[in-house]
$ cat protein_36.txt   # compact mmCIF, C-alpha atoms
# COMPACT_ATOMS: atom_id res chain seq x y z
CA MET A 223 35.87 -2.62 52.87
CA LYS A 224 36.34 -1.12 49.41
CA ILE A 225 33.31 -0.44 47.20
CA ILE A 226 35.05 -1.98 44.15
CA ASP A 227 37.76 -4.57 44.77
CA GLY A 228 40.72 -5.48 42.53
CA LYS A 229 38.67 -8.00 40.49
CA GLY A 230 36.00 -5.43 39.52
CA ARG A 231 33.37 -6.67 41.95
CA LEU A 232 30.97 -4.39 43.75
CA PHE A 233 31.25 -4.95 47.53
CA GLY A 234 33.20 -8.10 46.68
CA LYS A 235 30.07 -9.94 45.46
CA VAL A 236 28.68 -8.71 42.08
CA ASN A 237 30.77 -8.07 38.99
CA ILE A 238 30.18 -4.56 37.54
CA LEU A 239 29.92 -5.91 33.95
CA ASP A 240 27.22 -8.38 35.03
CA LEU A 241 25.35 -5.55 36.75
CA GLY A 242 25.54 -3.43 33.55
CA ALA A 243 24.23 -6.31 31.42
CA ILE A 244 21.30 -6.84 33.80
CA ALA A 245 20.49 -3.10 33.66
CA VAL A 246 20.48 -3.12 29.83
CA ILE A 247 18.18 -6.17 29.72
CA LEU A 248 15.77 -4.54 32.19
CA LEU A 249 15.70 -1.32 30.12
CA VAL A 250 14.92 -3.30 26.96
CA ILE A 251 12.08 -5.16 28.69
CA VAL A 252 10.65 -1.88 30.00
CA GLY A 253 10.98 -0.34 26.53
CA ILE A 254 9.15 -3.19 24.84
CA PHE A 255 6.35 -3.99 27.27
CA ILE A 256 5.77 -0.96 29.48
CA VAL A 257 6.35 1.92 27.04
CA PRO A 258 5.35 0.51 23.62
CA GLY A 259 4.55 3.89 22.05
CA PRO A 260 1.59 4.50 19.75
CA SER A 261 -0.27 1.31 19.02
CA GLY A 262 -1.37 0.28 15.57
CA SER A 263 -0.45 1.87 12.29
CA VAL A 264 1.46 5.13 12.02
CA ALA A 265 -1.36 6.35 9.79
CA GLN A 266 -4.01 5.71 12.41
CA VAL A 267 -6.11 8.77 13.06
CA THR A 268 -8.10 9.82 16.04
CA GLY A 269 -11.32 11.73 15.95
CA GLY A 270 -9.49 15.07 16.17
CA GLY A 271 -11.79 16.95 13.83
CA ASN A 272 -11.19 14.77 10.77
CA ARG A 273 -14.47 13.74 9.22
CA VAL A 274 -15.19 10.71 7.09
CA GLU A 275 -15.67 11.58 3.42
CA LYS A 276 -16.34 9.62 0.26
CA VAL A 277 -13.01 9.30 -1.56
CA GLU A 278 -12.34 8.33 -5.18
CA VAL A 279 -9.09 6.50 -5.95
CA SER A 280 -7.80 6.01 -9.50
CA LEU A 281 -5.40 3.12 -9.98
CA ILE A 282 -3.29 2.28 -13.02
CA VAL A 283 -2.48 -1.36 -13.71
CA ARG A 284 0.18 -2.14 -16.33
CA GLY A 285 0.76 -5.52 -17.96
CA LEU A 286 -1.81 -7.65 -16.15
CA ASN A 287 -1.42 -11.07 -17.74
CA THR A 288 -4.62 -13.03 -18.20
CA THR A 289 -6.08 -15.67 -20.49
CA ASN A 290 -8.62 -13.28 -21.96
CA SER A 291 -8.51 -9.58 -21.11
CA ASP A 292 -12.11 -8.97 -22.26
CA ASP A 293 -13.36 -11.48 -19.68
CA THR A 294 -11.17 -9.91 -17.00
CA LEU A 295 -12.48 -6.41 -17.79
CA ALA A 296 -16.07 -7.67 -17.67
CA GLU A 297 -15.44 -9.43 -14.36
CA LEU A 298 -13.87 -6.31 -12.82
CA ASN A 299 -16.79 -4.19 -14.02
CA ASP A 300 -19.21 -6.67 -12.40
CA ASP A 301 -17.43 -6.72 -9.02
CA ALA A 302 -19.18 -4.45 -6.56
CA GLU A 303 -16.37 -4.43 -3.98
CA VAL A 304 -12.80 -5.63 -3.84
CA ASN A 305 -10.49 -6.25 -0.86
CA VAL A 306 -7.62 -3.77 -0.78
CA ILE A 307 -4.20 -4.44 0.72
CA VAL A 308 -1.83 -1.50 1.34
CA ARG A 309 1.79 -2.17 2.34
CA ASN A 310 0.92 -5.82 3.07
CA GLU A 311 -1.81 -4.74 5.52
CA PRO A 312 -5.52 -5.32 4.79
CA ALA A 313 -7.13 -1.92 4.29
CA GLY A 314 -10.78 -2.83 3.91
CA LYS A 315 -12.87 -2.76 0.76
CA LEU A 316 -13.32 -0.30 -2.08
CA LYS A 317 -16.15 -0.27 -4.60
CA ILE A 318 -15.09 -0.50 -8.25
CA GLU A 319 -16.91 2.25 -10.13
CA SER A 320 -15.35 1.84 -13.57
CA VAL A 321 -12.61 0.05 -15.49
CA ARG A 322 -11.10 1.56 -18.63
CA GLU A 323 -8.71 -0.33 -20.89
CA LEU A 324 -5.70 1.65 -22.10
CA PRO A 325 -4.62 1.29 -25.74
CA ASN A 326 -1.31 -0.44 -26.45
CA TYR A 327 1.22 1.90 -28.04
CA VAL A 328 4.63 1.08 -29.54
CA ALA A 329 7.54 3.33 -30.43
CA ALA A 330 7.73 3.80 -34.22
CA THR A 331 10.74 5.39 -35.88
CA GLN A 332 10.00 7.84 -38.65
CA PRO A 333 12.00 8.36 -41.89
CA ASP A 334 13.47 11.59 -40.47
CA GLY A 335 14.86 9.68 -37.44
CA SER A 336 12.30 10.89 -34.92
CA VAL A 337 10.27 8.50 -32.78
CA THR A 338 6.51 8.67 -32.32
CA ALA A 339 4.02 6.62 -30.36
CA GLN A 340 1.68 4.63 -32.59
CA LEU A 341 -1.04 2.12 -31.82
CA ASP A 342 0.37 -1.40 -31.93
CA PRO A 343 -0.26 -2.69 -35.48
CA ARG A 344 0.23 -6.35 -34.56
CA PRO A 345 -2.77 -8.65 -34.40
CA ILE A 346 -4.58 -8.05 -31.16
CA VAL A 347 -3.27 -10.34 -28.45
CA LYS A 348 -5.63 -10.26 -25.51
CA ASN A 349 -3.32 -11.86 -22.92
CA SER A 350 -1.96 -8.67 -21.39
CA ILE A 351 -3.91 -5.61 -20.40
CA ASP A 352 -3.22 -2.07 -19.21
CA MET A 353 -6.14 -0.38 -17.45
CA ILE A 354 -7.28 2.37 -15.14
CA LEU A 355 -9.63 1.42 -12.30
CA THR A 356 -11.72 4.03 -10.50
CA MET A 357 -12.82 2.99 -7.01
CA THR A 358 -14.64 4.71 -4.16
CA GLY A 359 -14.63 4.24 -0.42
CA ASN A 360 -14.67 6.11 2.89
CA GLY A 361 -11.60 8.03 3.97
CA GLN A 362 -10.42 10.95 6.04
CA LEU A 363 -8.46 13.98 4.89
CA THR A 364 -5.54 14.69 7.22
CA ASN A 365 -2.62 17.10 6.99
CA ASP A 366 -0.68 14.28 5.29
CA GLY A 367 -3.33 13.36 2.70
CA TYR A 368 -6.12 10.81 2.69
CA VAL A 369 -6.32 7.92 5.12
CA ILE A 370 -8.40 4.96 4.01
CA ALA A 371 -8.92 2.15 6.56
CA ASN A 372 -6.02 3.41 8.72
CA GLN A 373 -3.60 3.43 5.76
CA LYS A 374 -2.24 6.54 4.06
CA VAL A 375 -3.10 6.51 0.37
CA LYS A 376 -1.32 8.99 -1.89
CA ILE A 377 -0.31 9.20 -5.53
CA GLY A 378 2.33 6.53 -6.03
CA THR A 379 1.04 4.19 -3.30
CA VAL A 380 0.85 0.59 -4.47
CA LEU A 381 -2.51 -1.05 -3.80
CA GLU A 382 -3.06 -4.78 -4.03
CA LEU A 383 -6.54 -5.86 -5.11
CA ASP A 384 -7.57 -9.25 -3.79
CA ASN A 385 -10.52 -11.46 -4.65
CA PRO A 386 -11.03 -15.25 -4.66
CA ARG A 387 -10.42 -15.17 -8.43
CA TYR A 388 -7.63 -12.59 -8.80
CA ASN A 389 -4.84 -10.80 -6.97
CA PHE A 390 -2.85 -8.01 -8.63
CA ARG A 391 -1.20 -4.68 -7.88
CA GLY A 392 -1.57 -1.21 -9.28
CA THR A 393 -0.31 2.28 -8.54
CA VAL A 394 -2.49 5.13 -7.31
CA ILE A 395 -2.54 7.98 -9.83
CA GLU A 396 -5.23 10.17 -8.23
CA VAL A 397 -7.04 10.53 -4.91
CA THR A 398 -9.93 12.97 -4.72
CA ASN A 399 -12.88 13.84 -2.52
CA VAL A 400 -16.21 12.91 -4.14
CA ASP A 401 -18.33 15.01 -1.76
CA SER A 402 -17.03 18.40 -2.89
$ encode --input "protein_36.txt" --output "C-alpha cells"
Amino acid sequence: MKIIDGKGRLFGKVNILDLGAIAVILLVIVGIFIVPGPSGSVAQVTGGGNRVEKVEVSLIVRGLNTTNSDDTLAELNDDAEVNVIVRNEPAGKLKIESVRELPNYVAATQPDGSVTAQLDPRPIVKNSIDMILTMTGNGQLTNDGYVIANQKVKIGTVLELDNPRYNFRGTVIEVTNVDS
C-alpha cells in the first residue's frame, strides 16, 4: 500500500490538504489559549527595582469649548481628583494642583510686512479656553520613562480627563518627579 495515493490521500483515508488545515487550526488555538504571552498592558511593570514616586504631569488643553470659561476654570481648580484615560484605557486618578489660563494671541501684520503675535483685541469671548493643567499622582520611573497606573506617560501622550460634568483631552507637555 502506498503512503500517498493518486488522489492525494494519506494511507487512502485522509486528504493531505485537510490534514494541513487541521494542523493550522490547532496551532492557532495553541497560540491563543496556551501561549498568550505577557498579560495586561505592554507598559505593565513588575517590582524589579522600580519604586513608586510622586509624579507631576503638565497638560496643555487647546480650544476647550464651554459656556463660560471662568466657571470651568473655577470648577477645575475645585476638583481634587480627576479620572484619567490613556489610550482609551482607564489609568486611575490624578490630583489637579493648578489650572492656568493661556492668553489668546492672534497674528498681526505690521506695516513693514512682518508678522507678530499680539493679544486678541476683540471683545473677550469666554466660550473657548486654552489652559495648562498641573496634576500629581503616583508613578514609576522605568528605562522608557514614567509609568502611571500601568500606562506609559511621556511628552506628547494624549490624556483624557473624565468627570461626571466634563470629558476632554489634552497633551502632556512635561512629566517630572516631585520627590527630587
$ atom_distance --input "protein_36.txt" --atom1 "atom CA of Leu295 of chain A" --atom2 "atom CA of Ile354 of chain A"
10.5 Å
$ closest_residue --input "protein_36.txt" --among "A:Leu324, A:Val397, A:Ile251, A:Met353" --to "Leu341 of chain A" --atoms "only C-alpha atoms"
A:Leu324
$ residues_around --input "protein_36.txt" --residues "Leu383 of chain A" --least-positions-apart "3" --cutoff "9 Å" --atoms "all atoms listed in the file" --output "list in words"
Val304, Asn305, Val306, Ile307, Tyr388, Asn389, Phe390, Arg391 and Gly392 of chain A
$ closest_residue --input "protein_36.txt" --among "A:Gln362, A:Thr356, A:Thr331, A:Asn326" --to "Arg344 of chain A" --atoms "all atoms listed in the file"
A:Asn326
$ atom_distance --input "protein_36.txt" --atom1 "atom CA of Lys317 of chain A" --atom2 "atom CA of Thr289 of chain A"
24.3 Å
$ residues_near_point --input "protein_36.txt" --point "(-0.8, -1.6, -31.4)" --cutoff "9 Å" --atoms "only C-alpha atoms" --output "JSON, numbers by chain"
{"A": [325, 326, 327, 328, 340, 341, 342, 343, 344, 345, 346]}
$ atom_distance --input "protein_36.txt" --atom1 "atom CA of Asn287 of chain A" --atom2 "atom CA of Ile351 of chain A"
6.6 Å
$ residues_near_point --input "protein_36.txt" --point "(-1.7, -3.6, -1.9)" --cutoff "6 Å" --atoms "all atoms listed in the file" --output "list of chain:residue names"
A:Ile307, A:Val308, A:Arg309, A:Val380, A:Leu381, A:Glu382
$ closest_residue --input "protein_36.txt" --among "A:Arg387, A:Val337, A:Glu319, A:Val394" --to "Arg284 of chain A" --atoms "only C-alpha atoms"
A:Val394
$ residues_around --input "protein_36.txt" --residues "Gly361 of chain A" --least-positions-apart "2" --cutoff "12 Å" --atoms "all atoms listed in the file" --output "number ranges by chain"
A: 265-267, 272-279, 313-316, 358-359, 363-364, 367-376, 397-401
$ residues_around --input "protein_36.txt" --residues "Asp293 of chain A" --least-positions-apart "5" --cutoff "12 Å" --atoms "all atoms listed in the file" --output "PyMOL selection string"
chain A and resi 288+298-300+348-351
